[in-house]
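Enquirer: What follows is the file work.cif, containing mmCIF, C-alpha atoms:
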data_entry
#
loop_
_atom_site.group_PDB
_atom_site.id
_atom_site.type_symbol
_atom_site.label_atom_id
_atom_site.label_comp_id
_atom_site.auth_asym_id
_atom_site.auth_seq_id
_atom_site.Cartn_x
_atom_site.Cartn_y
_atom_site.Cartn_z
ATOM 1 C CA MET A 155 -3.667 -23.100 -15.035
ATOM 2 C CA ASN A 156 -4.630 -26.159 -12.981
ATOM 3 C CA ILE A 157 -5.202 -26.278 -9.197
ATOM 4 C CA GLN A 158 -5.896 -29.307 -6.992
ATOM 5 C CA THR A 159 -7.515 -28.633 -3.617
ATOM 6 C CA ASP A 160 -6.517 -30.301 -0.355
ATOM 7 C CA PRO A 161 -7.486 -34.010 -0.511
ATOM 8 C CA SER A 162 -8.296 -34.006 3.209
ATOM 9 C CA ARG A 163 -11.127 -31.570 2.500
ATOM 10 C CA GLY A 164 -12.437 -33.266 -0.611
ATOM 11 C CA SER A 165 -10.170 -33.077 -3.622
ATOM 12 C CA LEU A 166 -11.450 -30.856 -6.441
ATOM 13 C CA SER A 167 -9.774 -29.726 -9.650
ATOM 14 C CA TYR A 168 -9.947 -26.184 -10.976
ATOM 15 C CA GLN A 169 -8.691 -24.982 -14.332
ATOM 16 C CA SER A 170 -8.655 -21.718 -16.226
ATOM 17 C CA SER A 171 -9.281 -20.961 -19.855
ATOM 18 C CA PRO A 172 -6.125 -20.234 -21.924
ATOM 19 C CA VAL A 173 -4.675 -16.767 -21.313
ATOM 20 C CA ARG A 174 -2.246 -15.030 -23.650
ATOM 21 C CA LEU A 175 0.820 -13.378 -22.125
ATOM 22 C CA GLU A 176 0.355 -9.734 -23.038
ATOM 23 C CA PRO A 177 3.411 -7.513 -23.645
ATOM 24 C CA VAL A 178 3.548 -4.365 -21.531
ATOM 25 C CA PRO A 179 5.287 -1.067 -22.319
ATOM 26 C CA PRO A 180 7.519 0.673 -19.764
ATOM 27 C CA ILE A 181 6.181 3.368 -17.445
ATOM 28 C CA ASP A 182 7.170 6.796 -18.710
ATOM 29 C CA SER A 183 7.178 8.542 -15.349
ATOM 30 C CA VAL A 184 5.923 8.460 -11.779
ATOM 31 C CA TYR A 185 5.855 11.869 -10.117
ATOM 32 C CA TYR A 186 4.096 13.798 -7.382
ATOM 33 C CA GLU A 187 2.588 17.173 -6.544
ATOM 34 C CA LYS A 188 1.818 18.768 -3.198
ATOM 35 C CA ARG A 189 -1.843 19.342 -2.405
ATOM 36 C CA VAL A 190 -3.167 21.765 0.208
ATOM 37 C CA LEU A 191 -5.731 19.988 2.356
ATOM 38 C CA SER A 192 -8.886 21.678 3.579
ATOM 39 C CA GLN A 193 -8.414 23.471 6.883
ATOM 40 C CA ILE A 194 -10.535 22.664 9.936
ATOM 41 C CA ALA A 195 -10.886 26.374 10.699
ATOM 42 C CA PRO A 196 -9.750 29.558 8.892
ATOM 43 C CA ASP A 197 -7.043 30.209 11.478
ATOM 44 C CA SER A 198 -5.836 26.578 11.704
ATOM 45 C CA PRO A 199 -2.398 25.638 10.336
ATOM 46 C CA THR A 200 -2.280 24.684 6.662
ATOM 47 C CA ALA A 201 -1.731 20.978 6.019
ATOM 48 C CA GLU A 202 -0.399 19.367 2.860
ATOM 49 C CA GLY A 203 -0.894 16.003 1.220
ATOM 50 C CA CYS A 204 0.768 14.425 -1.785
ATOM 51 C CA GLN A 205 -0.786 13.259 -5.048
ATOM 52 C CA VAL A 206 1.250 10.657 -6.924
ATOM 53 C CA TYR A 207 0.684 10.509 -10.678
ATOM 54 C CA LEU A 208 1.679 8.107 -13.437
ATOM 55 C CA SER A 209 2.142 8.594 -17.162
ATOM 56 C CA THR A 210 2.674 5.853 -19.732
ATOM 57 C CA HIS A 211 2.039 5.024 -23.372
ATOM 58 C CA ASP A 212 2.347 2.196 -25.858
ATOM 59 C CA PRO A 213 3.873 3.359 -29.177
ATOM 60 C CA GLU A 214 2.624 0.160 -30.814
ATOM 61 C CA ASN A 215 -0.956 0.737 -29.609
ATOM 62 C CA SER A 216 -1.197 -2.963 -28.792
ATOM 63 C CA CYS A 217 -1.725 -2.472 -25.064
ATOM 64 C CA ARG A 218 -5.126 -0.902 -24.560
ATOM 65 C CA TYR A 219 -5.937 -2.042 -21.036
ATOM 66 C CA PHE A 220 -3.662 -1.264 -18.096
ATOM 67 C CA ARG A 221 -3.652 -2.329 -14.473
ATOM 68 C CA TRP A 222 -1.349 -1.052 -11.710
ATOM 69 C CA GLU A 223 -0.328 -2.147 -8.255
ATOM 70 C CA TYR A 224 2.039 -0.319 -5.942
ATOM 71 C CA THR A 225 4.051 -0.836 -2.787
ATOM 72 C CA GLU A 226 4.787 1.949 -0.314
ATOM 73 C CA THR A 227 7.798 2.084 1.994
ATOM 74 C CA TRP A 228 8.562 4.858 4.447
ATOM 75 C CA GLU A 229 11.046 5.535 7.197
ATOM 76 C CA ILE A 230 9.990 6.162 10.789
ATOM 77 C CA GLN A 231 12.088 7.339 13.722
ATOM 78 C CA ILE A 232 11.191 7.348 17.410
ATOM 79 C CA PRO A 233 12.390 10.618 19.021
ATOM 80 C CA TYR A 234 13.880 8.854 22.039
ATOM 81 C CA ASN A 235 17.225 7.200 22.652
ATOM 82 C CA VAL A 236 15.908 3.640 22.623
ATOM 83 C CA PRO A 237 17.560 0.588 21.007
ATOM 84 C CA ASN A 238 15.127 0.278 18.079
ATOM 85 C CA ASN A 239 14.351 3.845 17.156
ATOM 86 C CA ARG A 240 14.606 3.719 13.336
ATOM 87 C CA CYS A 241 12.504 1.393 11.181
ATOM 88 C CA TRP A 242 10.962 1.019 7.748
ATOM 89 C CA VAL A 243 7.299 0.287 7.138
ATOM 90 C CA THR A 244 6.037 -1.374 3.939
ATOM 91 C CA GLU A 245 2.461 -1.704 2.729
ATOM 92 C CA ASN A 246 0.975 -3.035 -0.502
ATOM 93 C CA SER A 247 -1.804 -1.295 -2.370
ATOM 94 C CA HIS A 248 -5.391 -2.333 -1.738
ATOM 95 C CA LYS A 249 -6.997 -0.248 -4.475
ATOM 96 C CA ILE A 250 -8.000 -1.377 -7.948
ATOM 97 C CA ASN A 251 -6.214 0.826 -10.497
ATOM 98 C CA ILE A 252 -7.241 0.148 -14.090
ATOM 99 C CA ILE A 253 -7.813 2.155 -17.248
ATOM 100 C CA SER A 254 -8.829 1.555 -20.850
ATOM 101 C CA THR A 255 -7.338 3.636 -23.662
ATOM 102 C CA LEU A 256 -9.638 2.039 -26.248
ATOM 103 C CA PRO A 257 -11.659 5.253 -26.793
ATOM 104 C CA LEU A 258 -8.450 7.156 -27.620
ATOM 105 C CA ALA A 259 -6.712 7.359 -30.980
ATOM 106 C CA GLU A 260 -3.445 6.363 -29.283
ATOM 107 C CA SER A 261 -2.737 4.324 -26.179
ATOM 108 C CA VAL A 262 -1.590 7.166 -23.939
ATOM 109 C CA VAL A 263 -2.167 7.643 -20.214
ATOM 110 C CA GLU A 264 -1.353 11.063 -18.750
ATOM 111 C CA ARG A 265 -1.469 12.106 -15.085
ATOM 112 C CA TYR A 266 -3.237 9.024 -13.809
ATOM 113 C CA PRO A 267 -3.740 9.543 -10.026
ATOM 114 C CA ILE A 268 -2.195 6.332 -8.731
ATOM 115 C CA ASN A 269 -2.174 7.226 -5.003
ATOM 116 C CA PHE A 270 -2.992 10.117 -2.695
ATOM 117 C CA ILE A 271 -1.088 10.414 0.583
ATOM 118 C CA THR A 272 -2.889 12.370 3.285
ATOM 119 C CA ASN A 273 -1.426 13.806 6.477
ATOM 120 C CA SER A 274 -3.289 11.259 8.618
ATOM 121 C CA THR A 275 -0.147 9.112 8.794
ATOM 122 C CA ASP A 276 3.582 9.813 9.061
ATOM 123 C CA ARG A 277 4.396 8.429 5.606
ATOM 124 C CA LEU A 278 5.834 11.763 4.450
ATOM 125 C CA LYS A 279 7.500 12.704 7.733
ATOM 126 C CA ILE A 280 11.064 11.603 6.858
ATOM 127 C CA LYS A 281 11.432 9.764 3.550
ATOM 128 C CA TYR A 282 8.879 7.902 1.452
ATOM 129 C CA SER A 283 9.134 5.632 -1.568
ATOM 130 C CA ILE A 284 6.577 4.116 -3.906
ATOM 131 C CA VAL A 285 7.204 1.507 -6.591
ATOM 132 C CA VAL A 286 4.505 1.057 -9.219
ATOM 133 C CA ASP A 287 4.044 -2.181 -11.167
ATOM 134 C CA GLN A 288 2.356 -1.911 -14.555
ATOM 135 C CA TYR A 289 0.504 -4.813 -16.177
ATOM 136 C CA SER A 290 -1.062 -5.248 -19.587
ATOM 137 C CA ILE A 291 -4.423 -7.019 -19.483
ATOM 138 C CA ASN A 292 -6.938 -8.125 -22.078
ATOM 139 C CA GLU A 293 -10.514 -6.931 -22.478
ATOM 140 C CA ALA A 294 -12.058 -9.825 -20.531
ATOM 141 C CA GLU A 295 -9.797 -9.246 -17.541
ATOM 142 C CA TYR A 296 -10.445 -5.518 -17.686
ATOM 143 C CA GLU A 297 -14.175 -6.212 -17.456
ATOM 144 C CA TYR A 298 -13.519 -8.442 -14.455
ATOM 145 C CA TRP A 299 -11.574 -5.734 -12.596
ATOM 146 C CA PHE A 300 -14.011 -3.014 -13.673
ATOM 147 C CA LYS A 301 -17.011 -4.869 -12.287
ATOM 148 C CA LEU A 302 -15.105 -5.847 -9.155
ATOM 149 C CA GLN A 303 -14.152 -2.199 -8.630
ATOM 150 C CA ASN A 304 -17.770 -1.075 -8.909
ATOM 151 C CA ILE A 305 -19.003 -3.760 -6.525
ATOM 152 C CA VAL A 306 -16.317 -3.057 -3.922
ATOM 153 C CA GLU A 307 -17.189 0.648 -3.996
ATOM 154 C CA LYS A 308 -20.845 -0.199 -3.345
ATOM 155 C CA VAL A 309 -20.525 -2.905 -0.677
ATOM 156 C CA GLY A 310 -17.318 -1.604 0.914
ATOM 157 C CA SER A 311 -15.478 -4.926 1.164
ATOM 158 C CA LEU A 312 -14.200 -7.644 -1.120
ATOM 159 C CA TYR A 313 -15.549 -10.237 1.320
ATOM 160 C CA ASP A 314 -19.127 -9.029 0.864
ATOM 161 C CA ILE A 315 -19.158 -9.806 -2.850
ATOM 162 C CA VAL A 316 -21.514 -12.420 -4.267
ATOM 163 C CA PRO A 317 -19.430 -14.625 -6.625
ATOM 164 C CA ALA A 318 -22.152 -14.831 -9.275
ATOM 165 C CA SER A 319 -22.185 -11.051 -9.611
ATOM 166 C CA PHE A 320 -19.188 -10.802 -11.914
ATOM 167 C CA PRO A 321 -17.360 -12.947 -14.508
ATOM 168 C CA ASN A 322 -14.340 -15.196 -14.154
ATOM 169 C CA ASN A 323 -12.266 -17.590 -16.232
ATOM 170 C CA ILE A 324 -11.881 -20.455 -13.741
ATOM 171 C CA THR A 325 -14.099 -23.537 -13.595
ATOM 172 C CA CYS A 326 -14.387 -26.540 -11.305
ATOM 173 C CA VAL A 327 -13.903 -29.737 -13.295
ATOM 174 C CA GLU A 328 -16.060 -31.861 -10.987
ATOM 175 C CA LYS A 329 -18.701 -29.154 -10.468
ATOM 176 C CA PRO A 330 -18.928 -27.132 -13.690
ATOM 177 C CA ASP A 331 -21.969 -25.190 -12.395
ATOM 178 C CA GLU A 332 -20.007 -23.823 -9.423
ATOM 179 C CA HIS A 333 -19.236 -20.121 -9.824
ATOM 180 C CA VAL A 334 -15.622 -19.589 -8.762
ATOM 181 C CA LEU A 335 -14.537 -16.288 -7.223
ATOM 182 C CA GLY A 336 -11.331 -15.203 -8.960
ATOM 183 C CA TYR A 337 -9.603 -14.615 -12.273
ATOM 184 C CA PHE A 338 -6.413 -16.185 -13.594
ATOM 185 C CA SER A 339 -4.128 -13.674 -15.268
ATOM 186 C CA VAL A 340 -0.669 -13.631 -16.829
ATOM 187 C CA SER A 341 1.212 -10.522 -17.848
ATOM 188 C CA ALA A 342 4.657 -9.090 -18.184
ATOM 189 C CA VAL A 343 5.386 -6.332 -15.675
ATOM 190 C CA LYS A 344 7.291 -3.056 -15.812
ATOM 191 C CA SER A 345 8.110 -1.122 -12.650
ATOM 192 C CA LYS A 346 9.239 2.350 -11.651
ATOM 193 C CA ARG A 347 10.190 3.690 -8.227
ATOM 194 C CA ILE A 348 10.417 7.226 -6.890
ATOM 195 C CA PHE A 349 11.475 8.699 -3.542
ATOM 196 C CA ILE A 350 9.836 11.656 -1.828
ATOM 197 C CA ASN A 351 12.050 13.515 0.618
ATOM 198 C CA GLU A 352 10.456 16.912 1.079
ATOM 199 C CA TYR A 353 8.873 18.906 3.875
ATOM 200 C CA PHE A 354 5.086 18.697 4.049
ATOM 201 C CA ARG A 355 3.193 20.968 6.415
ATOM 202 C CA GLY A 356 0.848 19.484 8.963
ATOM 203 C CA MET A 357 2.469 16.087 9.409
ATOM 204 C CA PRO A 358 1.205 14.368 12.571
ATOM 205 C CA ASN A 359 3.302 13.801 15.675
ATOM 206 C CA MET A 360 2.812 10.077 16.250
ATOM 207 C CA TYR A 361 4.667 10.246 19.596
ATOM 208 C CA ARG A 362 3.027 13.190 21.354
ATOM 209 C CA ASP A 363 1.300 10.956 23.926
ATOM 210 C CA CYS A 364 4.304 8.757 24.721
ATOM 211 C CA GLU A 365 5.537 10.309 27.968
ATOM 212 C CA ASN A 366 3.090 8.752 30.413
ATOM 213 C CA VAL A 367 4.641 8.539 33.903
ATOM 214 C CA ARG A 368 7.683 10.016 35.658
ATOM 215 C CA TYR A 369 9.480 7.871 38.214
ATOM 216 C CA SER A 370 12.455 8.385 40.439
ATOM 217 C CA ILE A 371 15.440 6.544 39.035
ATOM 218 C CA SER A 372 15.543 4.464 42.229
ATOM 219 C CA ASP A 373 11.898 3.368 41.953
ATOM 220 C CA SER A 374 10.847 -0.151 41.099
ATOM 221 C CA ILE A 375 8.743 -0.017 37.934
ATOM 222 C CA PRO A 376 6.025 -2.668 37.713
ATOM 223 C CA ASP A 377 5.917 -4.772 34.504
ATOM 224 C CA LEU A 378 9.037 -3.106 33.102
ATOM 225 C CA ASN A 379 9.707 -4.210 29.492
ATOM 226 C CA LYS A 380 6.394 -6.048 29.502
ATOM 227 C CA TRP A 381 3.722 -3.375 29.817
ATOM 228 C CA ALA A 382 5.988 -0.401 30.528
ATOM 229 C CA TRP A 383 9.146 0.860 28.814
ATOM 230 C CA ILE A 384 11.714 3.527 29.709
ATOM 231 C CA ILE A 385 12.055 6.156 26.998
ATOM 232 C CA ILE A 386 13.893 8.959 28.833
ATOM 233 C CA THR A 387 16.568 8.747 31.518
ATOM 234 C CA ASP A 388 17.236 12.141 33.094
ATOM 235 C CA PRO A 389 18.671 11.599 36.591
ATOM 236 C CA PRO A 390 17.230 11.626 39.124
ATOM 237 C CA PHE A 391 14.137 10.798 37.033
ATOM 238 C CA ILE A 392 13.093 8.416 34.310
ATOM 239 C CA ILE A 393 10.051 8.681 32.058
ATOM 240 C CA VAL A 394 8.069 5.585 31.201
ATOM 241 C CA THR A 395 5.618 4.882 28.386
ATOM 242 C CA TYR A 396 2.859 2.301 28.350
ATOM 243 C CA PHE A 397 2.825 2.210 24.538
ATOM 244 C CA ARG A 398 5.336 -0.226 23.112
ATOM 245 C CA GLY A 399 5.413 1.619 19.801
ATOM 246 C CA CYS A 400 6.892 4.611 21.624
ATOM 247 C CA ALA A 401 9.889 2.536 22.731
ATOM 248 C CA ASP A 402 10.330 -0.006 19.931
ATOM 249 C CA CYS A 403 9.763 0.848 16.277
ATOM 250 C CA THR A 404 9.486 -2.853 15.357
ATOM 251 C CA GLU A 405 5.926 -2.580 16.668
ATOM 252 C CA ARG A 406 5.213 -0.996 13.269
ATOM 253 C CA GLY A 407 8.094 -1.866 10.977
ATOM 254 C CA VAL A 408 11.454 -3.586 10.592
ATOM 255 C CA ILE A 409 14.906 -2.338 11.550
ATOM 256 C CA THR A 410 16.589 -3.775 8.435
ATOM 257 C CA ARG A 411 17.168 -1.055 5.863
ATOM 258 C CA PRO A 412 15.661 -2.058 2.472
ATOM 259 C CA ASP A 413 18.210 -2.827 -0.222
ATOM 260 C CA PHE A 414 16.855 -0.034 -2.422
ATOM 261 C CA TRP A 415 16.990 2.596 0.342
ATOM 262 C CA PRO A 416 19.714 5.218 -0.186
ATOM 263 C CA ASN A 417 22.495 5.495 2.361
ATOM 264 C CA TYR A 418 22.863 8.685 4.362
#
Could the structure of this file be written out as structure tokens, please?

Expert:
Amino acid sequence: MNIQTDPSRGSLSYQSSPVRLEPVPPIDSVYYEKRVLSQIAPDSPTAEGCQVYLSTHDPENSCRYFRWEYTETWEIQIPYNVPNNRCWVTENSHKINIISTLPLAESVVERYPINFITNSTDRLKIKYSIVVDQYSINEAEYEYWFKLQNIVEKVGSLYDIVPASFPNNITCVEKPDEHVLGYFSVSAVKSKRIFINEYFRGMPNMYRDCENVRYSISDSIPDLNKWAWIIITDPPFIIVTYFRGCADCTERGVITRPDFWPNY
């Protein structure tokens, strides 16, 4: 890998050491289990979260170091008759998910907890999907991610990391003593997607504070469709919200249904 920086900021060349493309086995399964969350008080309603697991193996035992990324997509629906009331939200993973099967006789991963979904968001309210990407990495890259994982857990942010605190495989041609933050990797990828469409207790109502002000239908509403939006028309009254997300779901997501999303 070779990279040339912007000449206007002082052109520098960076290159990586050779990296072998590692084969990767398919994911055996991605599945989930409900989890009862701790209650605030003994008489409070029971809430449920969702633990997503992954299982995989390499029958050839050639892949001993795994890394995973995932992307979440979930459907949201505003409970008012507004133009954009159904959207889809997508977020990429921000966690480092790695494992080594080197201590095991066979390269088998069972019930790896890839993601836990709490009831602090509305991900599980309607329909949720997660696609997991599986990569095969070598020992050097595993050490890179392992040390990065430990440092992030201690300092709390990737941006607080001191570059010299963990290894890499990239060097600056003009400044060989410069420690570069990053690691160049190549790998095949295998993916698996699941959908979760089940009732979970204790899901939050994201729209409980939407109905802010009641007006007469003949009133002039200041800053309409700028700082105020009509969400209910019930003559002779209308109800206005001052939160755009209560009247337009594109504040959080997109109205275009993903290609992989099942039709109703």

Enquirer: Which value, in Å to one decimal, gives the distance between atom CA of Arg265 of chain A and atom CA of Phe354 of chain A?

Expert: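 Pair atom CA of Arg265 of chain A / atom CA of Phe354 of chain A returns 21.3 Å.
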
Enquirer: For a test of reading the model, state the distance in Å between atom CA of Tyr282 of chain A and atom CA of Ile348 of chain A, rounded to one decimal.

Expert: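 One can read the atom CA of Tyr282 of chain A to atom CA of Ile348 of chain A distance as 8.5 Å.
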
Enquirer: With all atoms listed in the file as the basis for distance, which of A:Ser209, A:Thr404, A:Ser247, A:Thr387 is at the shortest distance from Asn269 of chain A?

Expert: A:Ser247

Enquirer: For a test of reading the model, state the distance in Å between atom CA of Tyr207 of chain A and atom CA of Leu258 of chain A, rounded to one decimal.

Expert: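 If I compute the distance from atom CA of Tyr207 of chain A to atom CA of Leu258 of chain A, I get 19.5 Å.
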
Enquirer: Name the residues in contact with segment 398-402 of chain A at a cut-off of 7 Å, using only C-alpha atoms, excluding same-chain residues fewer than 4 positions from it; report them as a list in words.

Expert: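 Counting only C-alpha atoms, the residues come to Ile232, Val236, Asn238, Asn239, Tyr361, Cys364, Trp383 and Ile385 of chain A.
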
Enquirer: Hey, which of A:Phe414, A:Trp242, A:Trp228, A:Trp222 ends up closest to Lys344 of chain A? Count all atoms listed in the file.

Expert: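 Checking each of A:Phe414, A:Trp242, A:Trp228, A:Trp222 against Lys344 of chain A, counting all atoms listed in the file, the winner is A:Trp222.
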